[in-house]
Number of protein chains: 2
Amino acid sequence: MHPTITAFERSPDRGRGLARDMRVRWALEEVGQPYAVRLLSFEAMQQPAHRALHPFGQIPTYEQDGLVLFESGAIVLHIARTHPGLLPGAPDARMRAVSWMFAALNTIEPPVFERALCVVLEQRTPWFAERLETLDKRVRQRLGELSLHLGQSPWLDGEFSAGNLLMLSVLLRVQGTPLLEAHPNLVEYLARGTARPAFQRAFEAQAEVFRQAQQAEALASAQASQAPPGQT
Amino acid sequence: MHPTITAFERSPDRGRGLARDMRVRWALEEVGQPYAVRLLSFEAMQQPAHRALHPFGQIPTYEQDGLVLFESGAIVLHIARTHPGLLPGAPDARMRAVSWMFAALNTIEPPVFERALCVVLEQRTPWFAERLETLDKRVRQRLGELSLHLGQSPWLDGEFSAGNLLMLSVLLRVQGTPLLEAHPNLVEYLARGTARPAFQRAFEAQAEVFRQAQQAEALASAQASQAPPGQT
């Protein structure tokens, strides 16, 4: 059976590819594994049925033949280990690619995500400018180190890998910002990643979910406004 | 050859077991793998020699027979996959343990670490109380979900595993706080983890590094104050 993943019925990022199902879709596209998607409302994510699959009530999950996984990093690692194409064959190179997976999620994503949270949640606070500068500084340091390490190589540590896939998924969050644009090699790295046909297919699939949710909402709203008075 | 890991010469946590070498030491102790430690000053961590091992100039690193790894999560996973004792044998259960490793580092550690950073860096700001409450709320939500999932089981998802080891390493940061003590089953879970002989040996080893650094500093300071005037 094909695996089934879960994703937002209506992603808060409005289909910009920042939700964490994107990285799982991308990995599945890279290895050519067809998959099914079960869309969840925010309400459904909190229900016991979903909590039984994901203890923290988040997306994505991954189900296949009785195996249930959560955490996008673990799911991408599972896909990479059960299909060729996302991890080098040599054991040492393989483990280094795994180091980059953890670096993406435990060293780069936390400051990048905190910055994104601050922009959304603290924009109207008196301390916004000062907090943002502190967070920008943390992100700048990490991106500077990443840029230095990447140098003129097309990918981190050899060929394209699950480590690159997760790192690029995290960099999407700072795409178009001065933080990323301070490093032309990282801008090119991200462009190289997002130009991959597998990325494009995954991106299109998650963007289509958002477009359809919007259309359905517009239709429902139009029908409601045309209802005769007295009917609700 | 035994592996060599790196650790702080003088840990900012004063030997409380919060630095990320602790989780690697613990994993090595659990599987009975002897190891060597190379201590690094903050200055040495920024030098090219260390940057060649760790692109982000952090500890720990792991070196063995030409293999160099960074990121504590990747190192623990490598130890768990090359020695028996930290991952179940059945493939599905093995991958679920890996899900818990990523959950510890990508779902629980970021809010817990942000809260710790805020307490250190923002305590004297006018917005401290408000920020801390926001961060506490995020940590509370995650610990509530973790507590609910753990229930009365001794460990997450079956036997003790690398997933539990990383989760417990993260919970150490909230040990003794009302955030953790709101959940008696998490307090017991942490007590069960820290009572393991392997944890005790690892904790003692890293605490000893700090004690020795303190003694050396006290000695140097005493010698300096006894130096005859005119000598520096």
# chains A, B, ... in the order shown; residues from 1 in each chain; ligands from 1
$ select_by_dssp --residues "chain B" --states "strand (DSSP E)" --output "PyMOL selection string"
chain B and resi 4-8+36-40+61-64+67-70
$ residues_around --residues "range 35-47 of chain A" --least-positions-apart "2" --cutoff "6 Å" --atoms "only C-alpha atoms" --output "MDAnalysis selection string"
chainID A and resid 2:9 49:50 57
$ write_last_selection --atoms "N, CA, C and O atoms" --output "PDB file, in the first residue's frame"
ATOM      1  N   HIS A   2       0.394   2.287  -0.700  1.00  0.00           N
ATOM      2  CA  HIS A   2       1.097   3.573  -0.645  1.00  0.00           C
ATOM      3  C   HIS A   2       0.962   4.169   0.748  1.00  0.00           C
ATOM      4  O   HIS A   2      -0.056   3.969   1.407  1.00  0.00           O
ATOM      5  N   PRO A   3       1.959   4.930   1.189  1.00  0.00           N
ATOM      6  CA  PRO A   3       1.817   5.590   2.490  1.00  0.00           C
ATOM      7  C   PRO A   3       0.777   6.710   2.429  1.00  0.00           C
ATOM      8  O   PRO A   3       0.505   7.269   1.367  1.00  0.00           O
ATOM      9  N   THR A   4       0.214   7.005   3.590  1.00  0.00           N
ATOM     10  CA  THR A   4      -0.702   8.147   3.731  1.00  0.00           C
ATOM     11  C   THR A   4      -0.067   9.143   4.690  1.00  0.00           C
ATOM     12  O   THR A   4       0.376   8.770   5.774  1.00  0.00           O
ATOM     13  N   ILE A   5      -0.019  10.395   4.282  1.00  0.00           N
ATOM     14  CA  ILE A   5       0.478  11.435   5.183  1.00  0.00           C
ATOM     15  C   ILE A   5      -0.684  12.357   5.547  1.00  0.00           C
ATOM     16  O   ILE A   5      -1.721  12.349   4.885  1.00  0.00           O
ATOM     17  N   THR A   6      -0.508  13.131   6.604  1.00  0.00           N
ATOM     18  CA  THR A   6      -1.517  14.146   6.947  1.00  0.00           C
ATOM     19  C   THR A   6      -0.947  15.539   6.685  1.00  0.00           C
ATOM     20  O   THR A   6       0.274  15.744   6.714  1.00  0.00           O
ATOM     21  N   ALA A   7      -1.860  16.466   6.389  1.00  0.00           N
ATOM     22  CA  ALA A   7      -1.480  17.861   6.120  1.00  0.00           C
ATOM     23  C   ALA A   7      -2.638  18.762   6.556  1.00  0.00           C
ATOM     24  O   ALA A   7      -3.754  18.283   6.798  1.00  0.00           O
ATOM     25  N   PHE A   8      -2.351  20.063   6.664  1.00  0.00           N
ATOM     26  CA  PHE A   8      -3.389  21.029   7.009  1.00  0.00           C
ATOM     27  C   PHE A   8      -4.450  21.094   5.908  1.00  0.00           C
ATOM     28  O   PHE A   8      -4.116  21.208   4.722  1.00  0.00           O
ATOM     29  N   GLU A   9      -5.719  21.096   6.295  1.00  0.00           N
ATOM     30  CA  GLU A   9      -6.811  21.330   5.345  1.00  0.00           C
ATOM     31  C   GLU A   9      -6.675  22.746   4.776  1.00  0.00           C
ATOM     32  O   GLU A   9      -6.934  22.994   3.611  1.00  0.00           O
ATOM     33  N   ALA A  49      -8.616  10.756  17.747  1.00  0.00           N
ATOM     34  CA  ALA A  49      -8.245   9.913  16.604  1.00  0.00           C
ATOM     35  C   ALA A  49      -6.890  10.352  16.038  1.00  0.00           C
ATOM     36  O   ALA A  49      -6.048   9.509  15.694  1.00  0.00           O
ATOM     37  N   HIS A  50      -6.652  11.651  15.947  1.00  0.00           N
ATOM     38  CA  HIS A  50      -5.369  12.121  15.431  1.00  0.00           C
ATOM     39  C   HIS A  50      -4.279  12.078  16.507  1.00  0.00           C
ATOM     40  O   HIS A  50      -3.132  11.737  16.223  1.00  0.00           O
ATOM     41  N   GLY A  57      -0.482  16.446  18.446  1.00  0.00           N
ATOM     42  CA  GLY A  57      -1.587  16.998  17.666  1.00  0.00           C
ATOM     43  C   GLY A  57      -1.138  17.866  16.499  1.00  0.00           C
ATOM     44  O   GLY A  57      -1.749  18.897  16.209  1.00  0.00           O
TER      45      GLY A  57
END
$ closest_atom_pairs --of "chain B" --to "chain A" --cutoff "9 Å" --atoms "only C-alpha atoms" --output "tab-separated table"
residue	atom	partner	partner_atom	distance
B:Arg51	CA	A:His149	CA	9.0
B:Ala52	CA	A:His149	CA	8.8
B:Pro55	CA	A:His149	CA	6.2
B:Phe56	CA	A:Glu145	CA	5.9
B:Gly57	CA	A:Glu145	CA	8.6
B:Gly66	CA	A:Asp92	CA	8.7
B:Leu67	CA	A:Asp92	CA	6.0
B:Val68	CA	A:Arg96	CA	7.6
B:Leu69	CA	A:Arg96	CA	6.1
B:Phe70	CA	A:Ser99	CA	5.9
B:Glu71	CA	A:Ser99	CA	5.9
B:Ser72	CA	A:Phe102	CA	8.3
B:Gly73	CA	A:Phe102	CA	6.3
B:Ala74	CA	A:Ser99	CA	5.0
B:Ile75	CA	A:Ser99	CA	7.6
B:Leu77	CA	A:Val98	CA	8.9
B:His78	CA	A:Met95	CA	7.1
B:Asp92	CA	A:Leu67	CA	6.0
B:Ala93	CA	A:Leu67	CA	8.6
B:Met95	CA	A:His78	CA	7.1
B:Arg96	CA	A:Leu69	CA	6.1
B:Val98	CA	A:Ala74	CA	6.0
B:Ser99	CA	A:Ala74	CA	5.0
B:Trp100	CA	A:Glu71	CA	8.1
B:Met101	CA	A:Ala74	CA	8.2
B:Phe102	CA	A:Ala74	CA	6.2
B:Ala103	CA	A:Glu71	CA	6.2
B:Leu105	CA	A:Asn106	CA	6.2
B:Asn106	CA	A:Asn106	CA	6.1
B:Thr107	CA	A:Glu71	CA	8.2
B:Glu109	CA	A:Asn106	CA	8.5
B:Pro110	CA	A:Pro110	CA	5.9
B:Pro111	CA	A:Pro110	CA	8.7
B:Glu114	CA	A:Glu114	CA	8.4
B:Pro126	CA	A:Trp127	CA	8.6
B:Trp127	CA	A:Trp127	CA	7.2
B:Gln141	CA	A:Phe56	CA	8.9
B:Arg142	CA	A:Phe56	CA	7.0
B:Glu145	CA	A:Phe56	CA	5.9
B:Leu146	CA	A:Pro55	CA	7.1
B:Leu148	CA	A:Pro55	CA	8.3
B:His149	CA	A:Pro55	CA	6.2
$ residues_around --residues "Phe128 in chain A" --least-positions-apart "5" --cutoff "9 Å" --atoms "only C-alpha atoms" --output "CSV table (one decimal) with C-alpha atoms, in the first residue's frame"
chain,number,residue,atom,x,y,z
A,118,CYS,CA,8.1,36.8,16.8
A,119,VAL,CA,7.2,38.5,13.5
A,122,GLU,CA,5.0,40.3,18.8
A,123,GLN,CA,4.8,42.8,15.9
A,133,GLU,CA,17.2,42.4,16.2
$ closest_residue --among "B:Ala202, B:Leu87, B:Val112, B:Val209" --to "Gln175 in chain B" --atoms "only C-alpha atoms"
B:Val112
$ closest_residue --among "B:Gln226, B:Gln214, B:Ser153, B:Thr61" --to "Asp21 in chain B" --atoms "only C-alpha atoms"
B:Thr61
$ select_by_dssp --residues "chain B" --states "helix (DSSP H, G or I)" --output "count of residues only"
141
$ closest_residue --among "A:Arg173, A:Arg115, A:Arg196, A:Lys137" --to "Asp13 in chain A" --atoms "only C-alpha atoms"
A:Arg173
$ residues_around --residues "range 80-85 of chain A" --least-positions-apart "3" --cutoff "7 Å" --atoms "only C-alpha atoms" --output "count of residues only"
4
$ atom_distance --atom1 "CA of Ala129 in chain B" --atom2 "CA of Leu171 in chain B"
22.3 Å
$ closest_residue --among "A:Arg10, A:Gly193, A:Ala116, A:Gly151" --to "Gln215 in chain A" --atoms "only C-alpha atoms"
A:Arg10
$ residues_around --residues "Leu165 in chain A" --least-positions-apart "4" --cutoff "8 Å" --atoms "only C-alpha atoms" --output "count of residues only"
7
